[in-house]
file run31.csv (CSV, N, CA and C atoms)
chain,number,residue,atom,x,y,z
E,1,MET,N,-16.2,22.1,-17.2
E,1,MET,CA,-17.1,22.0,-16.1
E,1,MET,C,-16.3,21.9,-14.8
E,2,GLU,N,-16.8,22.4,-13.8
E,2,GLU,CA,-16.1,22.4,-12.5
E,2,GLU,C,-17.1,22.1,-11.4
E,3,SER,N,-16.6,21.5,-10.4
E,3,SER,CA,-17.4,21.2,-9.2
E,3,SER,C,-16.7,21.5,-7.9
E,4,LEU,N,-17.4,22.0,-7.0
E,4,LEU,CA,-16.8,22.3,-5.7
E,4,LEU,C,-16.8,21.1,-4.7
E,5,ASP,N,-17.5,20.0,-5.2
E,5,ASP,CA,-17.5,18.8,-4.3
E,5,ASP,C,-17.2,17.6,-5.2
E,6,ASP,N,-17.2,16.4,-4.7
E,6,ASP,CA,-16.8,15.2,-5.4
E,6,ASP,C,-17.9,14.5,-6.1
E,7,SER,N,-19.1,15.1,-6.1
E,7,SER,CA,-20.3,14.5,-6.7
E,7,SER,C,-20.7,15.0,-8.1
E,8,CYS,N,-19.8,15.7,-8.8
E,8,CYS,CA,-20.2,16.3,-10.1
E,8,CYS,C,-20.3,15.2,-11.1
E,9,VAL,N,-21.4,15.1,-11.8
E,9,VAL,CA,-21.6,14.2,-12.9
E,9,VAL,C,-22.4,14.8,-14.0
E,10,ARG,N,-21.9,14.6,-15.2
E,10,ARG,CA,-22.6,15.1,-16.4
E,10,ARG,C,-22.9,13.9,-17.3
E,11,SER,N,-24.1,13.9,-17.8
E,11,SER,CA,-24.5,12.8,-18.7
E,11,SER,C,-24.9,13.3,-20.1
E,12,TYR,N,-24.5,12.7,-21.1
E,12,TYR,CA,-24.8,13.0,-22.5
E,12,TYR,C,-25.2,11.7,-23.2
E,13,TYR,N,-26.2,11.7,-24.0
E,13,TYR,CA,-26.6,10.5,-24.7
E,13,TYR,C,-26.2,10.5,-26.1
E,14,PRO,N,-25.2,9.7,-26.5
E,14,PRO,CA,-24.9,9.6,-27.9
E,14,PRO,C,-25.9,8.8,-28.7
E,15,PRO,N,-26.1,9.0,-29.9
E,15,PRO,CA,-27.1,8.2,-30.7
E,15,PRO,C,-26.8,6.8,-30.7
E,16,THR,N,-25.5,6.4,-30.9
E,16,THR,CA,-25.1,5.0,-30.9
E,16,THR,C,-23.5,5.0,-30.8
E,17,ILE,N,-23.0,3.9,-30.2
E,17,ILE,CA,-21.6,3.7,-30.3
E,17,ILE,C,-21.4,2.2,-30.7
E,18,GLY,N,-22.4,1.5,-31.0
E,18,GLY,CA,-22.4,0.1,-31.2
E,18,GLY,C,-21.8,-0.4,-32.5
E,19,VAL,N,-22.5,-0.1,-33.6
E,19,VAL,CA,-22.2,-0.8,-34.9
E,19,VAL,C,-21.1,-0.1,-35.7
E,20,THR,N,-20.6,1.1,-35.3
E,20,THR,CA,-19.6,1.7,-36.0
E,20,THR,C,-18.3,0.9,-35.9
E,21,THR,N,-17.4,1.1,-36.9
E,21,THR,CA,-16.2,0.4,-37.0
E,21,THR,C,-15.0,1.1,-36.3
E,22,SER,N,-15.3,2.4,-36.0
E,22,SER,CA,-14.2,3.2,-35.3
E,22,SER,C,-14.8,4.3,-34.5
E,23,ASN,N,-14.0,4.8,-33.6
E,23,ASN,CA,-14.3,5.9,-32.7
E,23,ASN,C,-13.0,6.8,-32.6
E,24,HIS,N,-13.2,8.1,-32.5
E,24,HIS,CA,-12.2,9.0,-32.2
E,24,HIS,C,-12.7,10.0,-31.1
E,25,ILE,N,-12.0,9.9,-29.9
E,25,ILE,CA,-12.5,10.7,-28.8
E,25,ILE,C,-11.3,11.6,-28.3
E,26,ILE,N,-11.6,12.8,-28.0
E,26,ILE,CA,-10.6,13.7,-27.4
E,26,ILE,C,-11.2,14.4,-26.2
E,27,VAL,N,-10.5,14.2,-25.0
E,27,VAL,CA,-11.0,14.8,-23.8
E,27,VAL,C,-9.8,15.7,-23.2
E,28,THR,N,-10.1,16.9,-22.8
E,28,THR,CA,-9.1,17.7,-22.2
E,28,THR,C,-9.6,18.0,-20.8
E,29,PHE,N,-8.7,17.9,-19.8
E,29,PHE,CA,-9.1,18.1,-18.4
E,29,PHE,C,-8.0,18.5,-17.5
E,30,ALA,N,-8.3,19.1,-16.4
E,30,ALA,CA,-7.3,19.4,-15.3
E,30,ALA,C,-8.0,18.9,-14.0
E,31,LEU,N,-7.1,18.4,-13.1
E,31,LEU,CA,-7.6,17.9,-11.8
E,31,LEU,C,-7.0,18.8,-10.7
E,32,ASN,N,-7.9,19.3,-9.8
E,32,ASN,CA,-7.4,20.0,-8.7
E,32,ASN,C,-7.8,19.3,-7.4
E,33,SER,N,-8.1,18.0,-7.5
E,33,SER,CA,-8.5,17.3,-6.3
E,33,SER,C,-7.4,16.2,-6.0
E,34,LYS,N,-7.4,15.7,-4.8
E,34,LYS,CA,-6.4,14.7,-4.5
E,34,LYS,C,-6.8,13.3,-4.8
E,35,ASN,N,-7.9,13.1,-5.4
E,35,ASN,CA,-8.4,11.8,-5.8
E,35,ASN,C,-7.4,11.1,-6.7
E,36,ILE,N,-7.1,9.8,-6.4
E,36,ILE,CA,-6.2,9.1,-7.3
E,36,ILE,C,-7.0,8.2,-8.3
E,37,ASN,N,-8.3,8.0,-8.1
E,37,ASN,CA,-9.1,7.3,-9.0
E,37,ASN,C,-10.3,8.1,-9.3
E,38,SER,N,-10.7,8.1,-10.6
E,38,SER,CA,-11.9,8.9,-11.0
E,38,SER,C,-12.3,8.5,-12.4
E,39,PRO,N,-13.6,8.3,-12.6
E,39,PRO,CA,-14.1,8.1,-14.0
E,39,PRO,C,-13.9,9.4,-14.7
E,40,LEU,N,-13.6,9.3,-16.0
E,40,LEU,CA,-13.4,10.5,-16.8
E,40,LEU,C,-14.5,10.6,-17.9
E,41,LEU,N,-14.8,9.5,-18.5
E,41,LEU,CA,-15.8,9.4,-19.6
E,41,LEU,C,-16.4,8.0,-19.6
E,42,PHE,N,-17.7,7.9,-19.8
E,42,PHE,CA,-18.4,6.6,-20.0
E,42,PHE,C,-19.4,6.8,-21.0
E,43,LEU,N,-19.3,6.1,-22.2
E,43,LEU,CA,-20.3,6.0,-23.2
E,43,LEU,C,-21.0,4.7,-23.2
E,44,GLN,N,-22.2,4.7,-22.9
E,44,GLN,CA,-23.0,3.4,-22.8
E,44,GLN,C,-23.7,3.2,-24.2
E,45,GLY,N,-23.5,2.1,-24.8
E,45,GLY,CA,-24.2,1.8,-26.0
E,45,GLY,C,-25.3,0.8,-25.7
E,46,GLU,N,-25.8,0.2,-26.8
E,46,GLU,CA,-26.9,-0.8,-26.7
E,46,GLU,C,-26.4,-2.0,-25.9
E,47,GLU,N,-27.3,-2.7,-25.2
E,47,GLU,CA,-26.9,-3.9,-24.5
E,47,GLU,C,-25.8,-3.6,-23.5
E,48,ASP,N,-24.7,-4.4,-23.6
E,48,ASP,CA,-23.6,-4.2,-22.7
E,48,ASP,C,-22.4,-3.5,-23.3
E,49,LYS,N,-22.6,-2.8,-24.4
E,49,LYS,CA,-21.5,-2.2,-25.2
E,49,LYS,C,-21.2,-0.8,-24.5
E,50,PHE,N,-19.9,-0.5,-24.4
E,50,PHE,CA,-19.4,0.7,-23.8
E,50,PHE,C,-18.0,1.1,-24.2
E,51,ILE,N,-17.7,2.3,-24.0
E,51,ILE,CA,-16.3,2.8,-24.1
E,51,ILE,C,-16.1,3.7,-22.8
E,52,ALA,N,-15.0,3.5,-22.1
E,52,ALA,CA,-14.8,4.2,-20.8
E,52,ALA,C,-13.4,4.7,-20.7
E,53,LEU,N,-13.2,5.9,-20.2
E,53,LEU,CA,-11.9,6.4,-19.8
E,53,LEU,C,-12.0,6.6,-18.3
E,54,GLU,N,-10.9,6.0,-17.6
E,54,GLU,CA,-10.9,6.1,-16.1
E,54,GLU,C,-9.5,6.5,-15.7
E,55,MET,N,-9.4,7.2,-14.6
E,55,MET,CA,-8.1,7.4,-14.0
E,55,MET,C,-8.0,6.4,-12.8
E,56,ILE,N,-7.0,5.5,-12.8
E,56,ILE,CA,-6.8,4.6,-11.8
E,56,ILE,C,-5.3,4.7,-11.3
E,57,ASN,N,-5.2,5.0,-10.0
E,57,ASN,CA,-3.8,5.3,-9.5
E,57,ASN,C,-3.1,6.3,-10.3
E,58,ARG,N,-3.8,7.3,-10.7
E,58,ARG,CA,-3.3,8.5,-11.4
E,58,ARG,C,-2.8,8.2,-12.8
E,59,LYS,N,-3.2,7.1,-13.4
E,59,LYS,CA,-2.9,6.7,-14.8
E,59,LYS,C,-4.2,6.6,-15.5
E,60,VAL,N,-4.2,7.0,-16.8
E,60,VAL,CA,-5.5,6.9,-17.6
E,60,VAL,C,-5.6,5.6,-18.3
E,61,TYR,N,-6.8,5.0,-18.1
E,61,TYR,CA,-7.1,3.7,-18.7
E,61,TYR,C,-8.2,3.9,-19.8
E,62,LEU,N,-8.1,3.1,-20.9
E,62,LEU,CA,-9.2,3.0,-21.8
E,62,LEU,C,-9.7,1.6,-21.8
E,63,LEU,N,-11.0,1.5,-21.6
E,63,LEU,CA,-11.7,0.2,-21.6
E,63,LEU,C,-12.8,0.3,-22.6
E,64,TRP,N,-13.0,-0.8,-23.4
E,64,TRP,CA,-14.1,-0.8,-24.3
E,64,TRP,C,-14.6,-2.3,-24.5
E,65,ASN,N,-15.9,-2.4,-24.8
E,65,ASN,CA,-16.5,-3.6,-25.1
E,65,ASN,C,-17.6,-3.3,-26.1
E,66,LEU,N,-17.4,-3.7,-27.3
E,66,LEU,CA,-18.4,-3.4,-28.3
E,66,LEU,C,-19.0,-4.7,-28.9
E,67,GLY,N,-19.1,-5.7,-28.1
E,67,GLY,CA,-19.7,-7.0,-28.5
E,67,GLY,C,-19.0,-8.2,-28.2
E,68,ASP,N,-17.7,-8.2,-28.1
E,68,ASP,CA,-16.9,-9.4,-27.9
E,68,ASP,C,-16.2,-9.3,-26.5
E,69,ASP,N,-14.9,-9.3,-26.5
E,69,ASP,CA,-14.1,-9.2,-25.3
E,69,ASP,C,-13.9,-7.7,-24.9
E,70,THR,N,-13.6,-7.5,-23.6
E,70,THR,CA,-13.3,-6.1,-23.2
E,70,THR,C,-11.8,-5.9,-23.4
E,71,GLY,N,-11.6,-4.7,-24.1
E,71,GLY,CA,-10.2,-4.3,-24.4
E,71,GLY,C,-9.8,-3.3,-23.3
E,72,THR,N,-8.5,-3.3,-22.9
E,72,THR,CA,-8.0,-2.4,-21.9
E,72,THR,C,-6.7,-1.9,-22.3
E,73,LEU,N,-6.5,-0.6,-22.2
E,73,LEU,CA,-5.2,0.0,-22.4
E,73,LEU,C,-4.9,0.9,-21.2
E,74,MET,N,-3.6,1.0,-20.8
E,74,MET,CA,-3.2,1.9,-19.7
E,74,MET,C,-2.0,2.8,-20.3
E,75,HIS,N,-2.1,4.1,-20.1
E,75,HIS,CA,-1.0,5.0,-20.5
E,75,HIS,C,-0.1,5.2,-19.3
E,76,PRO,N,1.2,5.2,-19.5
E,76,PRO,CA,2.1,5.4,-18.4
E,76,PRO,C,2.2,6.8,-17.8
E,77,THR,N,1.7,7.8,-18.4
E,77,THR,CA,1.8,9.2,-17.9
E,77,THR,C,1.0,9.2,-16.6
E,78,GLU,N,1.7,9.8,-15.5
E,78,GLU,CA,1.0,10.0,-14.2
E,78,GLU,C,0.4,11.4,-14.2
E,79,ILE,N,-0.9,11.4,-13.9
E,79,ILE,CA,-1.7,12.7,-13.9
E,79,ILE,C,-1.4,13.4,-12.5
E,80,GLN,N,-1.0,14.6,-12.7
E,80,GLN,CA,-0.6,15.4,-11.5
E,80,GLN,C,-1.7,16.4,-11.1
E,81,THR,N,-1.9,16.7,-9.9
E,81,THR,CA,-2.9,17.6,-9.4
E,81,THR,C,-2.3,19.0,-9.4
E,82,ARG,N,-3.0,20.0,-10.0
E,82,ARG,CA,-2.6,21.4,-10.0
E,82,ARG,C,-3.8,22.2,-10.3
E,83,ASP,N,-3.8,23.4,-9.8
E,83,ASP,CA,-4.8,24.4,-10.0
E,83,ASP,C,-5.0,24.6,-11.5
E,84,ALA,N,-6.3,24.6,-12.0
E,84,ALA,CA,-6.6,24.6,-13.4
E,84,ALA,C,-6.2,26.0,-14.0
E,85,LYS,N,-5.9,27.0,-13.2
E,85,LYS,CA,-5.5,28.3,-13.8
E,85,LYS,C,-4.1,28.2,-14.4
E,86,TYR,N,-3.3,27.2,-14.1
E,86,TYR,CA,-2.0,27.1,-14.7
E,86,TYR,C,-2.1,26.2,-15.9
E,87,ASP,N,-1.3,26.6,-17.0
E,87,ASP,CA,-1.3,25.8,-18.2
E,87,ASP,C,-0.9,24.4,-18.0
E,88,ASP,N,0.1,24.1,-17.2
E,88,ASP,CA,0.6,22.8,-17.1
E,88,ASP,C,-0.2,21.9,-16.2
E,89,ALA,N,-1.4,22.3,-15.8
E,89,ALA,CA,-2.4,21.5,-15.1
E,89,ALA,C,-3.2,20.7,-16.1
E,90,TRP,N,-3.2,21.0,-17.3
E,90,TRP,CA,-4.2,20.5,-18.3
E,90,TRP,C,-3.6,19.3,-19.0
E,91,TYR,N,-4.4,18.3,-19.3
E,91,TYR,CA,-4.1,17.1,-20.0
E,91,TYR,C,-5.0,16.9,-21.2
E,92,ARG,N,-4.5,16.3,-22.2
E,92,ARG,CA,-5.3,16.0,-23.4
E,92,ARG,C,-5.2,14.5,-23.6
E,93,VAL,N,-6.3,13.8,-23.6
E,93,VAL,CA,-6.4,12.4,-23.8
E,93,VAL,C,-7.0,12.2,-25.2
E,94,GLU,N,-6.4,11.4,-26.0
E,94,GLU,CA,-6.9,11.1,-27.3
E,94,GLU,C,-7.0,9.6,-27.5
E,95,VAL,N,-8.2,9.2,-27.9
E,95,VAL,CA,-8.5,7.7,-28.1
E,95,VAL,C,-8.9,7.5,-29.5
E,96,THR,N,-8.3,6.5,-30.1
E,96,THR,CA,-8.7,6.0,-31.4
E,96,THR,C,-9.0,4.5,-31.4
E,97,ARG,N,-10.1,4.1,-31.9
E,97,ARG,CA,-10.4,2.7,-31.9
E,97,ARG,C,-10.9,2.4,-33.3
E,98,SER,N,-10.4,1.3,-33.9
E,98,SER,CA,-10.8,0.8,-35.1
E,98,SER,C,-10.9,-0.8,-35.0
E,99,LEU,N,-12.2,-1.2,-35.1
E,99,LEU,CA,-12.5,-2.6,-34.9
E,99,LEU,C,-12.1,-3.0,-33.5
E,100,SER,N,-11.2,-4.0,-33.3
E,100,SER,CA,-10.8,-4.4,-32.0
E,100,SER,C,-9.5,-3.8,-31.5
E,101,VAL,N,-8.9,-2.9,-32.3
E,101,VAL,CA,-7.6,-2.3,-32.0
E,101,VAL,C,-7.9,-0.8,-31.5
E,102,GLY,N,-7.4,-0.5,-30.3
E,102,GLY,CA,-7.5,0.8,-29.7
E,102,GLY,C,-6.1,1.4,-29.5
E,103,SER,N,-6.1,2.7,-29.5
E,103,SER,CA,-4.8,3.4,-29.1
E,103,SER,C,-5.2,4.6,-28.2
E,104,LEU,N,-4.2,5.0,-27.3
E,104,LEU,CA,-4.5,6.0,-26.3
E,104,LEU,C,-3.2,6.8,-26.2
E,105,SER,N,-3.4,8.1,-26.1
E,105,SER,CA,-2.3,9.0,-25.8
E,105,SER,C,-2.7,10.0,-24.8
E,106,VAL,N,-1.8,10.4,-23.9
E,106,VAL,CA,-2.1,11.4,-22.8
E,106,VAL,C,-0.9,12.4,-22.9
E,107,SER,N,-1.3,13.7,-23.1
E,107,SER,CA,-0.3,14.7,-23.3
E,107,SER,C,-0.6,15.8,-22.2
E,108,ARG,N,0.5,16.3,-21.6
E,108,ARG,CA,0.4,17.4,-20.7
E,108,ARG,C,0.7,18.7,-21.4
E,109,MET,N,-0.1,19.8,-21.0
E,109,MET,CA,0.2,21.1,-21.6
E,109,MET,C,1.5,21.7,-21.0
E,110,THR,N,2.2,22.3,-21.8
E,110,THR,CA,3.4,23.0,-21.4
E,110,THR,C,3.1,24.4,-20.9
E,111,ASN,N,4.0,25.1,-20.3
E,111,ASN,CA,3.8,26.4,-19.8
E,111,ASN,C,3.5,27.4,-20.9
E,112,ASN,N,3.9,27.1,-22.1
E,112,ASN,CA,3.6,28.1,-23.2
E,112,ASN,C,2.3,27.7,-24.0
E,113,GLY,N,1.5,26.9,-23.4
E,113,GLY,CA,0.2,26.6,-24.0
E,113,GLY,C,0.0,25.6,-25.0
E,114,ASN,N,1.1,24.8,-25.3
E,114,ASN,CA,1.0,23.7,-26.2
E,114,ASN,C,1.1,22.4,-25.5
E,115,PHE,N,0.5,21.4,-26.1
E,115,PHE,CA,0.5,20.0,-25.5
E,115,PHE,C,1.8,19.3,-25.9
E,116,ALA,N,2.5,18.7,-25.0
E,116,ALA,CA,3.8,18.1,-25.2
E,116,ALA,C,3.5,16.8,-26.1
E,117,THR,N,4.5,16.4,-26.8
E,117,THR,CA,4.4,15.2,-27.6
E,117,THR,C,4.2,14.0,-26.7
E,118,SER,N,3.3,13.0,-27.0
E,118,SER,CA,3.1,11.9,-26.2
E,118,SER,C,3.2,10.6,-26.9
E,119,THR,N,3.7,9.6,-26.2
E,119,THR,CA,3.7,8.3,-26.8
E,119,THR,C,2.3,7.7,-26.9
E,120,ARG,N,2.1,6.9,-27.9
E,120,ARG,CA,0.8,6.3,-28.1
E,120,ARG,C,0.8,4.9,-27.8
E,121,VAL,N,-0.1,4.4,-26.9
E,121,VAL,CA,-0.1,3.0,-26.5
E,121,VAL,C,-1.2,2.4,-27.3
E,122,THR,N,-0.9,1.2,-27.9
E,122,THR,CA,-1.9,0.5,-28.7
E,122,THR,C,-2.1,-0.9,-28.2

call {"tool": "encode", "arguments": {"input": "run31.csv", "output": "structure tokens"}}
result
Amino acid sequence: MESLDDSCVRSYYPPTIGVTTSNHIIVTFALNSKNINSPLLFLQGEEDKFIALEMINRKVYLLWNLGDDTGTLMHPTEIQTRDAKYDDAWYRVEVTRSLSVGSLSVSRMTNNGNFATSTRVT
């Protein structure tokens, strides 16, 4: 999806994210705006349960609360702004959560169309 202004929002309603023991989420995106902070994904569950991906100061954060404390992870890769027509503008964010343990990886696409190897933060 693409927006010509800063107010683009898409909403999808998942059946549930609450009682499952694990989640696996993959998001691929490119940014051509100068914003340094931006929500990327927010899944609202029952009551106060949620899983969120946010870009804060050009770094991707995973936040989740599925009934207890809020977990937070930050990946050290800095997201760069580039026109989406270039391969190296694209990033792949992969999230895995099992019970209270989450992991996050952020990979940038190379000029030959493959995603570079990324360290996983747990």

call {"tool": "closest_residue", "arguments": {"input": "run31.csv", "among": "E:Val106, E:Leu31, E:Ala52, E:Val95", "to": "His75 (chain E)", "atoms": "all atoms listed in the file"}}
result
E:Val106

call {"tool": "closest_atom_pairs", "arguments": {"input": "run31.csv", "of": "region 53-98 of chain E", "to": "region 111-114 of chain E", "cutoff": "8 Å", "atoms": "only C-alpha atoms", "output": "Markdown table"}}
result
| residue | atom | partner | partner_atom | distance |
| --- | --- | --- | --- | --- |
| E:Tyr86 | CA | E:Asn111 | CA | 7.8 |
| E:Asp87 | CA | E:Asn111 | CA | 5.4 |
| E:Asp88 | CA | E:Asn111 | CA | 5.5 |

call {"tool": "residues_around", "arguments": {"input": "run31.csv", "residues": "Lys85 (chain E)", "least_positions_apart": "4", "cutoff": "10 Å", "atoms": "only C-alpha atoms", "output": "PyMOL selection string"}}
result
chain E and resi 30+32+89-90

call {"tool": "closest_residue", "arguments": {"input": "run31.csv", "among": "E:Ser107, E:Ser98, E:Arg92, E:Ser38", "to": "Asn57 (chain E)", "atoms": "only N, CA and C atoms"}}
result
E:Ser38

call {"tool": "closest_residue", "arguments": {"input": "run31.csv", "among": "E:Thr117, E:Ser103, E:Gln80, E:Thr110", "to": "Asn35 (chain E)", "atoms": "only C-alpha atoms"}}
result
E:Gln80

call {"tool": "build_atoms", "arguments": {"input": "run31.csv", "residues": "region 97-115 of chain E", "atoms": "N, CA, C and O atoms", "output": "mmCIF file, in the frame of the given file"}}
result
data_model
loop_
_atom_site.group_PDB
_atom_site.id
_atom_site.type_symbol
_atom_site.label_atom_id
_atom_site.label_comp_id
_atom_site.auth_asym_id
_atom_site.auth_seq_id
_atom_site.Cartn_x
_atom_site.Cartn_y
_atom_site.Cartn_z
ATOM 1 N N ARG E 97 -10.100 4.100 -31.900
ATOM 2 C CA ARG E 97 -10.400 2.700 -31.900
ATOM 3 C C ARG E 97 -10.900 2.400 -33.300
ATOM 4 O O ARG E 97 -11.722 3.045 -33.931
ATOM 5 N N SER E 98 -10.400 1.300 -33.900
ATOM 6 C CA SER E 98 -10.800 0.800 -35.100
ATOM 7 C C SER E 98 -10.900 -0.800 -35.000
ATOM 8 O O SER E 98 -9.965 -1.451 -34.698
ATOM 9 N N LEU E 99 -12.200 -1.200 -35.100
ATOM 10 C CA LEU E 99 -12.500 -2.600 -34.900
ATOM 11 C C LEU E 99 -12.100 -3.000 -33.500
ATOM 12 O O LEU E 99 -12.482 -2.351 -32.522
ATOM 13 N N SER E 100 -11.200 -4.000 -33.300
ATOM 14 C CA SER E 100 -10.800 -4.400 -32.000
ATOM 15 C C SER E 100 -9.500 -3.800 -31.500
ATOM 16 O O SER E 100 -8.949 -4.179 -30.485
ATOM 17 N N VAL E 101 -8.900 -2.900 -32.300
ATOM 18 C CA VAL E 101 -7.600 -2.300 -32.000
ATOM 19 C C VAL E 101 -7.900 -0.800 -31.500
ATOM 20 O O VAL E 101 -8.511 -0.022 -32.117
ATOM 21 N N GLY E 102 -7.400 -0.500 -30.300
ATOM 22 C CA GLY E 102 -7.500 0.800 -29.700
ATOM 23 C C GLY E 102 -6.100 1.400 -29.500
ATOM 24 O O GLY E 102 -5.125 0.683 -29.299
ATOM 25 N N SER E 103 -6.100 2.700 -29.500
ATOM 26 C CA SER E 103 -4.800 3.400 -29.100
ATOM 27 C C SER E 103 -5.200 4.600 -28.200
ATOM 28 O O SER E 103 -6.285 5.144 -28.257
ATOM 29 N N LEU E 104 -4.200 5.000 -27.300
ATOM 30 C CA LEU E 104 -4.500 6.000 -26.300
ATOM 31 C C LEU E 104 -3.200 6.800 -26.200
ATOM 32 O O LEU E 104 -2.089 6.273 -26.075
ATOM 33 N N SER E 105 -3.400 8.100 -26.100
ATOM 34 C CA SER E 105 -2.300 9.000 -25.800
ATOM 35 C C SER E 105 -2.700 10.000 -24.800
ATOM 36 O O SER E 105 -3.891 10.395 -24.722
ATOM 37 N N VAL E 106 -1.800 10.400 -23.900
ATOM 38 C CA VAL E 106 -2.100 11.400 -22.800
ATOM 39 C C VAL E 106 -0.900 12.400 -22.900
ATOM 40 O O VAL E 106 0.241 12.047 -22.756
ATOM 41 N N SER E 107 -1.300 13.700 -23.100
ATOM 42 C CA SER E 107 -0.300 14.700 -23.300
ATOM 43 C C SER E 107 -0.600 15.800 -22.200
ATOM 44 O O SER E 107 -1.726 16.171 -21.981
ATOM 45 N N ARG E 108 0.500 16.300 -21.600
ATOM 46 C CA ARG E 108 0.400 17.400 -20.700
ATOM 47 C C ARG E 108 0.700 18.700 -21.400
ATOM 48 O O ARG E 108 1.594 18.778 -22.196
ATOM 49 N N MET E 109 -0.100 19.800 -21.000
ATOM 50 C CA MET E 109 0.200 21.100 -21.600
ATOM 51 C C MET E 109 1.500 21.700 -21.000
ATOM 52 O O MET E 109 1.728 21.502 -19.833
ATOM 53 N N THR E 110 2.200 22.300 -21.800
ATOM 54 C CA THR E 110 3.400 23.000 -21.400
ATOM 55 C C THR E 110 3.100 24.400 -20.900
ATOM 56 O O THR E 110 1.944 24.855 -21.066
ATOM 57 N N ASN E 111 4.000 25.100 -20.300
ATOM 58 C CA ASN E 111 3.800 26.400 -19.800
ATOM 59 C C ASN E 111 3.500 27.400 -20.900
ATOM 60 O O ASN E 111 3.023 28.521 -20.580
ATOM 61 N N ASN E 112 3.900 27.100 -22.100
ATOM 62 C CA ASN E 112 3.600 28.100 -23.200
ATOM 63 C C ASN E 112 2.300 27.700 -24.000
ATOM 64 O O ASN E 112 2.130 28.159 -25.077
ATOM 65 N N GLY E 113 1.500 26.900 -23.400
ATOM 66 C CA GLY E 113 0.200 26.600 -24.000
ATOM 67 C C GLY E 113 0.000 25.600 -25.000
ATOM 68 O O GLY E 113 -1.003 25.456 -25.689
ATOM 69 N N ASN E 114 1.100 24.800 -25.300
ATOM 70 C CA ASN E 114 1.000 23.700 -26.200
ATOM 71 C C ASN E 114 1.100 22.400 -25.500
ATOM 72 O O ASN E 114 1.671 22.249 -24.445
ATOM 73 N N PHE E 115 0.500 21.400 -26.100
ATOM 74 C CA PHE E 115 0.500 20.000 -25.500
ATOM 75 C C PHE E 115 1.800 19.300 -25.900
ATOM 76 O O PHE E 115 2.189 19.371 -27.102
#
